[in-house]
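As provided, data_20.tsv (TSV, C-alpha atoms) reads as follows.
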```tsv
chain	number	residue	atom	x	y	z
A	22	MET	CA	-22.96	-28.39	-9.69
A	23	THR	CA	-20.29	-26.90	-11.95
A	24	PRO	CA	-17.72	-26.37	-9.28
A	25	TRP	CA	-14.79	-24.24	-8.58
A	26	SER	CA	-13.08	-22.68	-5.69
A	27	SER	CA	-12.76	-18.96	-5.28
A	28	GLY	CA	-8.97	-19.04	-5.04
A	29	PRO	CA	-7.47	-15.64	-5.79
A	30	LEU	CA	-10.14	-14.53	-8.23
A	31	ASP	CA	-11.34	-11.62	-6.11
A	32	ARG	CA	-7.81	-10.32	-5.81
A	33	TYR	CA	-8.28	-7.31	-8.02
A	34	ALA	CA	-11.83	-6.35	-7.16
A	35	GLY	CA	-10.76	-3.94	-4.46
A	36	GLY	CA	-10.87	-4.01	-0.71
A	37	THR	CA	-13.91	-3.78	1.46
A	38	SER	CA	-13.91	-1.74	4.61
A	39	THR	CA	-15.08	-3.26	7.85
A	40	VAL	CA	-18.02	-1.60	9.56
A	41	THR	CA	-17.94	-1.74	13.36
A	42	LEU	CA	-21.33	-1.45	15.00
A	43	SER	CA	-21.74	0.13	18.37
A	44	PRO	CA	-23.50	-1.83	21.13
A	45	MET	CA	-26.45	0.56	20.73
A	46	ALA	CA	-26.97	-0.25	17.05
A	47	SER	CA	-30.55	-1.19	16.22
A	48	PRO	CA	-31.52	-4.79	15.37
A	49	SER	CA	-32.33	-3.79	11.80
A	50	THR	CA	-28.88	-2.21	11.42
A	51	ARG	CA	-27.22	-5.33	12.78
A	52	GLN	CA	-29.27	-7.54	10.45
A	53	SER	CA	-28.35	-5.34	7.49
A	54	SER	CA	-24.65	-5.54	8.44
A	55	THR	CA	-24.80	-9.33	8.79
A	56	LEU	CA	-26.54	-9.67	5.42
A	57	GLY	CA	-23.91	-7.46	3.81
A	58	ALA	CA	-21.15	-9.55	5.35
A	59	ILE	CA	-22.75	-12.75	4.03
A	60	LEU	CA	-22.99	-11.26	0.54
A	61	ARG	CA	-19.30	-10.36	0.73
A	62	LEU	CA	-18.52	-13.86	1.95
A	63	LEU	CA	-20.25	-15.22	-1.16
A	64	ARG	CA	-18.39	-12.65	-3.33
A	65	TRP	CA	-21.70	-11.40	-4.70
A	66	ASP	CA	-20.27	-7.90	-4.44
A	67	LYS	CA	-17.60	-8.90	-6.99
A	68	PRO	CA	-19.40	-10.38	-9.99
A	69	THR	CA	-16.44	-10.25	-12.36
A	70	GLY	CA	-14.84	-13.27	-10.75
A	71	ARG	CA	-18.11	-15.15	-11.00
A	72	LEU	CA	-18.31	-14.46	-14.73
A	73	ILE	CA	-14.96	-15.99	-15.55
A	74	LEU	CA	-15.90	-19.06	-13.52
A	75	LEU	CA	-19.17	-19.46	-15.39
A	76	ILE	CA	-17.52	-19.34	-18.81
A	77	PRO	CA	-16.20	-22.94	-19.04
A	78	ALA	CA	-19.62	-24.33	-18.07
A	79	LEU	CA	-21.28	-22.32	-20.84
A	80	TRP	CA	-18.61	-23.33	-23.35
A	81	SER	CA	-19.31	-26.97	-22.62
A	82	LEU	CA	-23.08	-26.62	-22.55
A	83	PHE	CA	-23.42	-24.84	-25.88
A	84	LEU	CA	-20.83	-26.95	-27.69
A	85	ALA	CA	-22.42	-30.20	-26.49
A	86	ALA	CA	-25.84	-29.00	-27.67
A	87	ALA	CA	-24.59	-27.68	-31.03
A	88	GLY	CA	-25.33	-24.13	-29.92
A	89	GLN	CA	-28.95	-24.77	-28.90
A	90	PRO	CA	-29.25	-26.27	-25.41
A	91	PRO	CA	-32.65	-26.46	-23.68
A	92	TRP	CA	-33.14	-23.23	-21.76
A	93	THR	CA	-34.30	-25.12	-18.69
A	94	LEU	CA	-30.95	-26.87	-18.61
A	95	VAL	CA	-29.16	-23.55	-19.10
A	96	GLY	CA	-30.93	-22.22	-16.02
A	97	VAL	CA	-30.08	-25.31	-13.95
A	98	ILE	CA	-26.40	-25.16	-14.94
A	99	VAL	CA	-26.11	-21.43	-14.27
A	100	LEU	CA	-27.82	-21.64	-10.87
A	101	GLY	CA	-25.89	-24.75	-9.94
A	102	THR	CA	-22.66	-23.04	-10.92
A	103	LEU	CA	-23.46	-20.05	-8.74
A	104	ALA	CA	-24.33	-22.32	-5.80
A	105	THR	CA	-21.13	-24.34	-5.96
A	106	SER	CA	-19.12	-21.21	-6.59
A	107	ALA	CA	-20.58	-19.76	-3.41
A	108	ALA	CA	-19.67	-22.93	-1.53
A	109	GLY	CA	-16.12	-22.67	-2.84
A	110	CYS	CA	-15.80	-19.09	-1.64
A	111	VAL	CA	-17.01	-19.98	1.86
A	112	VAL	CA	-14.77	-23.04	2.12
A	113	ASN	CA	-11.77	-20.98	1.06
A	114	ASP	CA	-12.45	-18.32	3.71
A	115	LEU	CA	-13.09	-20.90	6.43
A	116	TRP	CA	-9.76	-22.57	5.77
A	117	ASP	CA	-7.91	-19.22	5.57
A	118	ARG	CA	-9.67	-17.28	8.33
A	119	ASN	CA	-6.45	-17.10	10.39
A	120	ILE	CA	-4.17	-16.42	7.41
A	121	ASP	CA	-6.24	-13.76	5.68
A	122	PRO	CA	-5.86	-11.17	8.49
A	123	GLN	CA	-2.10	-11.17	7.83
A	124	VAL	CA	-2.48	-10.17	4.17
A	125	GLN	CA	-3.47	-6.66	3.13
A	126	ARG	CA	-5.57	-7.91	0.23
A	127	THR	CA	-7.69	-10.30	2.32
A	128	ARG	CA	-7.76	-8.89	5.84
A	129	HIS	CA	-11.24	-7.35	5.37
A	130	ARG	CA	-12.91	-10.60	4.38
A	131	PRO	CA	-15.85	-11.23	6.73
A	132	LEU	CA	-14.42	-14.29	8.48
A	133	ALA	CA	-10.93	-12.81	8.67
A	134	ALA	CA	-12.27	-9.55	10.12
A	135	ARG	CA	-14.56	-11.53	12.46
A	136	ASP	CA	-17.62	-9.81	10.99
A	137	LEU	CA	-19.11	-13.32	10.81
A	138	SER	CA	-18.61	-16.30	13.06
A	139	VAL	CA	-17.39	-19.70	11.93
A	140	GLN	CA	-20.85	-21.07	12.75
A	141	VAL	CA	-22.48	-18.63	10.35
A	142	GLY	CA	-19.93	-19.52	7.69
A	143	LEU	CA	-20.68	-23.22	8.10
A	144	ALA	CA	-24.41	-22.54	7.90
A	145	VAL	CA	-23.99	-20.57	4.66
A	146	LEU	CA	-21.82	-23.37	3.28
A	147	GLY	CA	-24.50	-25.93	4.14
A	148	ILE	CA	-27.20	-23.90	2.41
A	149	ALA	CA	-25.08	-23.47	-0.73
A	150	LEU	CA	-24.35	-27.19	-0.91
A	151	ILE	CA	-28.02	-28.08	-0.35
A	152	CYS	CA	-29.02	-25.76	-3.20
A	153	ALA	CA	-26.41	-27.32	-5.47
A	154	TYR	CA	-27.57	-30.81	-4.51
A	155	GLY	CA	-31.20	-29.96	-5.22
A	156	LEU	CA	-30.35	-28.63	-8.66
A	157	SER	CA	-28.20	-31.68	-9.44
A	158	LEU	CA	-31.30	-33.86	-9.08
A	159	TYR	CA	-32.56	-32.40	-12.37
A	160	LEU	CA	-29.57	-33.90	-14.21
A	161	ASN	CA	-29.02	-37.40	-15.54
A	162	ALA	CA	-27.18	-40.05	-13.54
A	163	LEU	CA	-23.71	-39.42	-15.00
A	164	SER	CA	-23.91	-35.69	-14.39
A	165	PHE	CA	-25.18	-36.27	-10.87
A	166	TRP	CA	-22.25	-38.52	-9.96
A	167	LEU	CA	-19.81	-36.04	-11.46
A	168	CYS	CA	-21.33	-33.41	-9.17
A	169	LEU	CA	-20.68	-35.64	-6.17
A	170	LEU	CA	-17.10	-36.35	-7.27
A	171	ALA	CA	-16.48	-32.61	-7.47
A	172	VAL	CA	-17.39	-31.96	-3.83
A	173	PRO	CA	-14.16	-33.29	-2.25
A	174	VAL	CA	-12.09	-31.19	-4.66
A	175	ILE	CA	-14.06	-28.08	-3.68
A	176	LEU	CA	-13.69	-28.76	0.03
A	177	LEU	CA	-10.00	-29.65	-0.07
A	178	TYR	CA	-8.66	-27.12	-2.60
A	179	PRO	CA	-7.71	-24.54	0.09
A	180	LEU	CA	-5.68	-27.25	1.84
A	181	ALA	CA	-3.68	-27.78	-1.35
A	182	LYS	CA	-1.86	-24.48	-0.98
A	183	ARG	CA	-0.44	-25.79	2.31
A	184	VAL	CA	0.78	-29.19	1.11
A	185	PHE	CA	1.03	-29.12	-2.71
A	186	PRO	CA	3.64	-27.02	-4.56
A	187	VAL	CA	1.28	-26.02	-7.42
A	188	PRO	CA	-2.18	-25.54	-5.84
A	189	GLN	CA	-3.39	-23.73	-8.95
A	190	LEU	CA	-3.38	-27.13	-10.65
A	191	VAL	CA	-5.85	-28.43	-8.07
A	192	LEU	CA	-8.09	-25.44	-8.76
A	193	SER	CA	-7.83	-26.20	-12.47
A	194	VAL	CA	-8.96	-29.78	-11.89
A	195	ALA	CA	-11.90	-28.50	-9.86
A	196	TRP	CA	-12.72	-26.14	-12.70
A	197	GLY	CA	-12.66	-29.06	-15.10
A	198	PHE	CA	-15.83	-30.44	-13.56
A	199	ALA	CA	-17.54	-27.33	-14.90
A	200	VAL	CA	-16.81	-28.76	-18.35
A	201	LEU	CA	-17.66	-32.42	-17.73
A	202	ILE	CA	-20.99	-31.92	-15.94
A	203	PRO	CA	-22.82	-29.84	-18.60
A	204	TRP	CA	-21.50	-32.02	-21.42
A	205	ALA	CA	-22.72	-35.18	-19.70
A	206	ALA	CA	-26.06	-33.49	-18.97
A	207	VAL	CA	-26.59	-32.85	-22.70
A	208	THR	CA	-25.13	-35.97	-24.30
A	209	GLY	CA	-25.28	-38.57	-21.53
A	210	GLY	CA	-21.62	-39.43	-22.10
A	211	LEU	CA	-18.04	-38.11	-22.17
A	212	ALA	CA	-16.68	-38.39	-25.71
A	213	LEU	CA	-13.30	-37.20	-27.02
A	214	PRO	CA	-14.34	-33.56	-27.66
A	215	VAL	CA	-15.21	-32.93	-24.00
A	216	TRP	CA	-11.82	-34.22	-22.87
A	217	ILE	CA	-10.10	-31.88	-25.31
A	218	LEU	CA	-12.16	-29.01	-23.93
A	219	TRP	CA	-11.44	-30.18	-20.37
A	220	LEU	CA	-7.69	-30.09	-20.94
A	221	ALA	CA	-7.94	-26.69	-22.66
A	222	VAL	CA	-9.84	-25.26	-19.68
A	223	LEU	CA	-7.37	-26.84	-17.26
A	224	LEU	CA	-4.43	-25.13	-19.01
A	225	TRP	CA	-6.27	-21.81	-19.36
A	226	THR	CA	-7.18	-21.82	-15.68
A	227	LEU	CA	-3.67	-22.77	-14.61
A	228	GLY	CA	-2.32	-19.94	-16.74
A	229	PHE	CA	-4.39	-17.02	-15.57
A	230	ASP	CA	-4.65	-18.27	-11.98
A	231	THR	CA	-0.86	-18.31	-11.83
A	232	VAL	CA	-0.90	-14.70	-13.02
A	233	TYR	CA	-3.13	-13.88	-10.04
A	234	ALA	CA	-0.59	-15.46	-7.72
A	235	MET	CA	2.33	-13.41	-9.01
A	236	PRO	CA	1.76	-10.20	-7.00
A	237	ASP	CA	1.25	-12.23	-3.80
A	238	ARG	CA	4.58	-14.05	-3.96
A	239	GLU	CA	6.17	-12.21	-1.05
A	240	ASP	CA	3.14	-12.68	1.22
A	241	ASP	CA	2.88	-16.34	0.24
A	242	ARG	CA	6.57	-16.90	0.95
A	243	ARG	CA	6.33	-15.17	4.32
A	244	LEU	CA	3.27	-17.18	5.35
A	245	GLY	CA	4.56	-20.50	4.05
A	246	VAL	CA	1.81	-20.79	1.42
A	247	ASN	CA	2.54	-22.54	-1.87
A	248	SER	CA	1.72	-21.16	-5.31
A	249	ALA	CA	2.65	-21.83	-8.91
A	250	ALA	CA	4.23	-18.37	-9.08
A	251	LEU	CA	6.66	-19.39	-6.32
A	252	PHE	CA	7.24	-22.87	-7.72
A	253	PHE	CA	8.17	-21.69	-11.22
A	254	GLY	CA	10.04	-18.62	-9.99
A	255	ASP	CA	11.69	-16.61	-12.77
A	256	TYR	CA	10.18	-18.96	-15.36
A	257	THR	CA	6.59	-18.12	-14.39
A	258	PRO	CA	5.89	-15.97	-17.49
A	259	GLN	CA	7.13	-18.79	-19.72
A	260	MET	CA	4.89	-21.28	-17.92
A	261	VAL	CA	1.89	-18.98	-18.37
A	262	GLY	CA	2.74	-18.60	-22.05
A	263	PHE	CA	2.94	-22.38	-22.40
A	264	CYS	CA	-0.51	-22.75	-20.82
A	265	TYR	CA	-2.01	-20.17	-23.17
A	266	LEU	CA	-0.41	-21.80	-26.21
A	267	GLY	CA	-1.61	-25.23	-25.15
A	268	THR	CA	-5.13	-23.88	-24.64
A	269	TRP	CA	-5.13	-22.33	-28.10
A	270	LEU	CA	-3.88	-25.48	-29.85
A	271	LEU	CA	-6.43	-27.66	-28.05
A	272	LEU	CA	-9.24	-25.30	-29.03
A	273	ILE	CA	-8.09	-25.54	-32.65
A	274	TRP	CA	-8.27	-29.34	-32.42
A	275	LEU	CA	-11.72	-29.09	-30.87
A	276	GLY	CA	-12.97	-26.80	-33.63
A	277	LEU	CA	-11.74	-29.18	-36.31
A	278	ILE	CA	-13.39	-32.20	-34.69
A	279	LEU	CA	-16.72	-30.40	-34.22
A	280	MET	CA	-16.44	-28.72	-37.66
A	281	LEU	CA	-17.27	-25.31	-36.27
A	282	ALA	CA	-17.92	-22.43	-38.67
A	283	TRP	CA	-15.94	-19.23	-39.27
A	284	PRO	CA	-17.10	-17.20	-36.19
A	285	TYR	CA	-15.30	-19.68	-33.95
A	286	TRP	CA	-12.04	-19.19	-35.83
A	287	ILE	CA	-12.29	-15.42	-35.58
A	288	GLY	CA	-12.57	-15.82	-31.81
A	289	LEU	CA	-9.48	-18.04	-31.75
A	290	ALA	CA	-7.53	-15.48	-33.79
A	291	MET	CA	-8.44	-12.82	-31.24
A	292	ALA	CA	-7.40	-15.17	-28.43
A	293	LEU	CA	-3.98	-15.73	-30.00
A	294	MET	CA	-3.37	-11.99	-30.29
A	295	LEU	CA	-4.48	-11.26	-26.75
A	296	TRP	CA	-2.62	-14.13	-25.07
A	297	SER	CA	0.53	-13.30	-27.04
A	298	ARG	CA	0.41	-9.72	-25.83
A	299	GLN	CA	-0.22	-10.83	-22.24
A	300	TYR	CA	2.81	-13.11	-22.38
A	301	TYR	CA	4.94	-10.27	-23.77
A	302	LEU	CA	3.87	-7.91	-20.99
A	303	LEU	CA	4.43	-10.51	-18.26
A	304	SER	CA	7.92	-11.20	-19.61
A	305	ARG	CA	9.03	-7.60	-19.22
A	306	TYR	CA	11.24	-6.70	-16.28
A	307	HIS	CA	9.12	-5.80	-13.22
A	308	PRO	CA	5.70	-5.37	-14.89
A	309	PRO	CA	3.41	-2.92	-13.06
A	310	MET	CA	1.04	-4.34	-10.45
A	311	VAL	CA	-2.02	-3.11	-12.34
A	312	LEU	CA	-1.13	-5.47	-15.17
A	313	TYR	CA	-2.35	-8.55	-13.28
A	314	GLY	CA	-5.84	-7.19	-12.78
A	315	LYS	CA	-5.95	-6.07	-16.39
A	316	ILE	CA	-5.06	-9.58	-17.56
A	317	PHE	CA	-7.86	-10.98	-15.40
A	318	ARG	CA	-10.47	-8.66	-16.90
A	319	GLN	CA	-9.22	-9.36	-20.42
A	320	ASN	CA	-9.63	-13.10	-19.90
A	321	VAL	CA	-13.22	-12.54	-18.79
A	322	GLN	CA	-13.94	-10.55	-21.94
A	323	LEU	CA	-12.13	-13.07	-24.12
A	324	GLY	CA	-14.06	-15.94	-22.55
A	325	PHE	CA	-17.35	-14.43	-23.66
A	326	ILE	CA	-15.97	-13.64	-27.12
A	327	LEU	CA	-15.00	-17.29	-27.47
A	328	LEU	CA	-18.43	-18.34	-26.19
A	329	LEU	CA	-20.11	-16.23	-28.84
A	330	GLY	CA	-17.85	-17.77	-31.47
A	331	MET	CA	-18.72	-21.25	-30.21
A	332	ILE	CA	-22.46	-20.55	-30.40
A	333	LEU	CA	-22.38	-18.97	-33.85
A	334	GLY	CA	-19.83	-21.50	-35.07
A	335	SER	CA	-22.19	-24.30	-34.02
A	336	VAL	CA	-25.41	-23.01	-35.55
A	337	LEU	CA	-24.13	-21.55	-38.85
```

Can you give me the file's structure in the form of structure tokens?
Amino acid sequence: MTPWSSGPLDRYAGGTSTVTLSPMASPSTRQSSTLGAILRLLRWDKPTGRLILLIPALWSLFLAAAGQPPWTLVGVIVLGTLATSAAGCVVNDLWDRNIDPQVQRTRHRPLAARDLSVQVGLAVLGIALICAYGLSLYLNALSFWLCLLAVPVILLYPLAKRVFPVPQLVLSVAWGFAVLIPWAAVTGGLALPVWILWLAVLLWTLGFDTVYAMPDREDDRRLGVNSAALFFGDYTPQMVGFCYLGTWLLLIWLGLILMLAWPYWIGLAMALMLWSRQYYLLSRYHPPMVLYGKIFRQNVQLGFILLLGMILGSVL
């Protein structure tokens, strides 16, 4: 429903060791191992990445409903987001099952480590898409068709890193559906404010997703995989800073149009301080590797701070 692809969002959640079962392992042990592998395939063992992907959908939903959306719709959007997020994770790992074993960060993924077969992966993908489709039936016609338009982007995003120089932009476009679908579900249309929010989310996503690509530059270059961090080279920190600044300015414009109250502006002030510091740290010579994971976690926290500001700024 509100789609995205997993991309590199699990990059900093830590590795997962592969468990090898002996031929004498009991059926229950094998079933437990398979279930665990499926949960890892869906990234349910790494909820932080799921949170940051849910944020744009909640921004859109609460702003469109002036801070008070129907709770039934909240549930549908959240569940639909989780379903399409799961589909994105599986699609990504299916495409990359022969690349991931060559990268330290990804070699323990279930399909890369051959803990799960391609057939199982396809079955899980089918179930996730069926769940998303079922939930989309609760939405109005415009939202439903937006859901369908998002599917090709979800399925083809992993291919983008092979043929497109800035695949993070494709991910950002996919993420943008997470803004359009909830807004259309609430209002029945796509007015100017949602397009401002869409562009803000696109720039925000492009910014922090490029940060995630920075520590993988050598692996990506060796494997012939494209990324924004490779494309922009030494100017990558400046590009990230531009994305953050653009996001901030667009959110100011959005707040003025929607006439949001003071809590929203406090959140934007905090965003400016945090993004400015992130840009400063990225611009330093050879920043430590731990910085990239820290920036990811900070953006998750900031996303929820901004969400709280949007809710309070709408109802006060």

>> Counting only C-alpha atoms, which residues have an atom no more than 6 Å from (1.8, -9.7, -11.3) in the file's coordinates? Please list them as a VMD selection string.
In response: chain A and resid 232 235 to 236 310 313

Find the residues around region 90-105 of chain A up to 9 Å (all atoms listed in the file counted), leave out those fewer than 4 positions away in its own chain, and share them as a PDB file with C-alpha atoms, in the coordinates of the input.
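Heads up, here's the output in selection.pdb:
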```
ATOM      1  CA  MET A  22     -22.960 -28.390  -9.690  1.00  0.00           C
ATOM      2  CA  THR A  23     -20.290 -26.900 -11.950  1.00  0.00           C
ATOM      3  CA  PRO A  24     -17.720 -26.370  -9.280  1.00  0.00           C
ATOM      4  CA  TRP A  25     -14.790 -24.240  -8.580  1.00  0.00           C
ATOM      5  CA  SER A  26     -13.080 -22.680  -5.690  1.00  0.00           C
ATOM      6  CA  ARG A  71     -18.110 -15.150 -11.000  1.00  0.00           C
ATOM      7  CA  LEU A  74     -15.900 -19.060 -13.520  1.00  0.00           C
ATOM      8  CA  LEU A  75     -19.170 -19.460 -15.390  1.00  0.00           C
ATOM      9  CA  ALA A  78     -19.620 -24.330 -18.070  1.00  0.00           C
ATOM     10  CA  LEU A  79     -21.280 -22.320 -20.840  1.00  0.00           C
ATOM     11  CA  LEU A  82     -23.080 -26.620 -22.550  1.00  0.00           C
ATOM     12  CA  PHE A  83     -23.420 -24.840 -25.880  1.00  0.00           C
ATOM     13  CA  LEU A  84     -20.830 -26.950 -27.690  1.00  0.00           C
ATOM     14  CA  ALA A  85     -22.420 -30.200 -26.490  1.00  0.00           C
ATOM     15  CA  ALA A  86     -25.840 -29.000 -27.670  1.00  0.00           C
ATOM     16  CA  GLY A 109     -16.120 -22.670  -2.840  1.00  0.00           C
ATOM     17  CA  CYS A 110     -15.800 -19.090  -1.640  1.00  0.00           C
ATOM     18  CA  ILE A 148     -27.200 -23.900   2.410  1.00  0.00           C
ATOM     19  CA  ALA A 149     -25.080 -23.470  -0.730  1.00  0.00           C
ATOM     20  CA  LEU A 150     -24.350 -27.190  -0.910  1.00  0.00           C
ATOM     21  CA  ILE A 151     -28.020 -28.080  -0.350  1.00  0.00           C
ATOM     22  CA  CYS A 152     -29.020 -25.760  -3.200  1.00  0.00           C
ATOM     23  CA  ALA A 153     -26.410 -27.320  -5.470  1.00  0.00           C
ATOM     24  CA  TYR A 154     -27.570 -30.810  -4.510  1.00  0.00           C
ATOM     25  CA  GLY A 155     -31.200 -29.960  -5.220  1.00  0.00           C
ATOM     26  CA  LEU A 156     -30.350 -28.630  -8.660  1.00  0.00           C
ATOM     27  CA  SER A 157     -28.200 -31.680  -9.440  1.00  0.00           C
ATOM     28  CA  TYR A 159     -32.560 -32.400 -12.370  1.00  0.00           C
ATOM     29  CA  LEU A 160     -29.570 -33.900 -14.210  1.00  0.00           C
ATOM     30  CA  VAL A 172     -17.390 -31.960  -3.830  1.00  0.00           C
ATOM     31  CA  ILE A 175     -14.060 -28.080  -3.680  1.00  0.00           C
ATOM     32  CA  ALA A 199     -17.540 -27.330 -14.900  1.00  0.00           C
ATOM     33  CA  ILE A 202     -20.990 -31.920 -15.940  1.00  0.00           C
ATOM     34  CA  PRO A 203     -22.820 -29.840 -18.600  1.00  0.00           C
ATOM     35  CA  ALA A 206     -26.060 -33.490 -18.970  1.00  0.00           C
ATOM     36  CA  VAL A 207     -26.590 -32.850 -22.700  1.00  0.00           C
TER      37      VAL A 207
END
```

> Using all atoms listed in the file, which of A:Leu302, A:Leu223, A:Arg243, A:Ala292 sits nearest Gln259 (chain A)?
Replying inline: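 Closest residue, counting all atoms listed in the file: A:Leu302.
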
>> Between CA of Val111 (chain A) and CA of Asn161 (chain A), what is the distance in Å, rounded to a tenth?
In response: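 It comes out at 27.4 Å.
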
>> What's around Val174 (chain A) at 12 Å? Count only C-alpha atoms, leave out sequence neighbours fewer than 6 positions away in its own chain, and write the answer as a VMD selection string.
In response: chain A and resid 23 to 26 105 108 to 109 112 to 113 167 to 168 180 to 181 188 190 to 198

> Which is closer to Gly334 (chain A) than all the others in A:Val200, A:Leu281, A:Leu293, A:Leu213, using all atoms listed in the file?
Replying inline: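 Of the candidates, the smallest distance to Gly334 (chain A) is held by A:Leu281.
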
> What does the distance between CA of Ser297 (chain A) and CA of Asp255 (chain A) come to in Å, to one decimal place?
Replying inline: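 The value is 18.4 Å.
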
>> Here is a test: counting all atoms listed in the file, which residue of A:Leu132, A:Ile76, A:Leu163, A:Met291 is nearest to Val222 (chain A)?
In response: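 Selected residue with least distance to Val222 (chain A): A:Ile76.
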
>> Please list as a ChimeraX atom specification every residue within 9 Å of Gln299 (chain A), counting only C-alpha atoms and excluding residues in the same chain fewer than 4 positions away.
In response: /A:262,294-295,303-304,312,316

>> Using Å and a single decimal, report how far CA of Leu227 (chain A) sits from CA of Ile59 (chain A).
In response: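 Between CA of Ile59 (chain A) and CA of Leu227 (chain A) the gap is 28.5 Å.
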
>> Which residues are close to Trp225 (chain A), i.e. within 8 Å by only C-alpha atoms, leaving aside same-chain residues fewer than 6 positions away? Reply as a list in words.
In response: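 Listed by chain and then number, they are Cys264, Tyr265 and Thr268 of chain A.
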
> Nearest to Gly288 (chain A): which of A:Val261, A:Ala221, A:Ile332, A:Val311 is it, counting all atoms listed in the file?
Replying inline: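 For Gly288 (chain A), the nearest of the candidates is A:Ile332.
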
> Asp237 (chain A): which residues within 12 Å, counting all atoms listed in the file, same-chain residues fewer than 4 positions away excluded, as a list in words?
Replying inline: Pro29, Arg32, Tyr33, Val124, Gln125, Arg126, Thr127, Asp230, Thr231, Val232, Tyr233, Asp241, Arg242, Arg243, Leu244, Gly245, Val246, Asn247, Ser248, Ala249, Ala250, Leu251, Met310 and Tyr313 of chain A

>> Calculated over all atoms listed in the file, which of the candidates A:Trp269, A:Phe229, A:Tyr306, A:Trp80 has the smallest distance to Trp204 (chain A)?
In response: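 Checking each of A:Trp269, A:Phe229, A:Tyr306, A:Trp80 against Trp204 (chain A), counting all atoms listed in the file, the winner is A:Trp80.
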
> Once you count all atoms listed in the file, which residues end up no further than 12 Å from (-10.6, -19.3, 7.5) in the file's frame, shown as an MDAnalysis selection string?
Replying inline: chainID A and resid 62 110:123 127:128 130:135 137:140 142:143 179:180
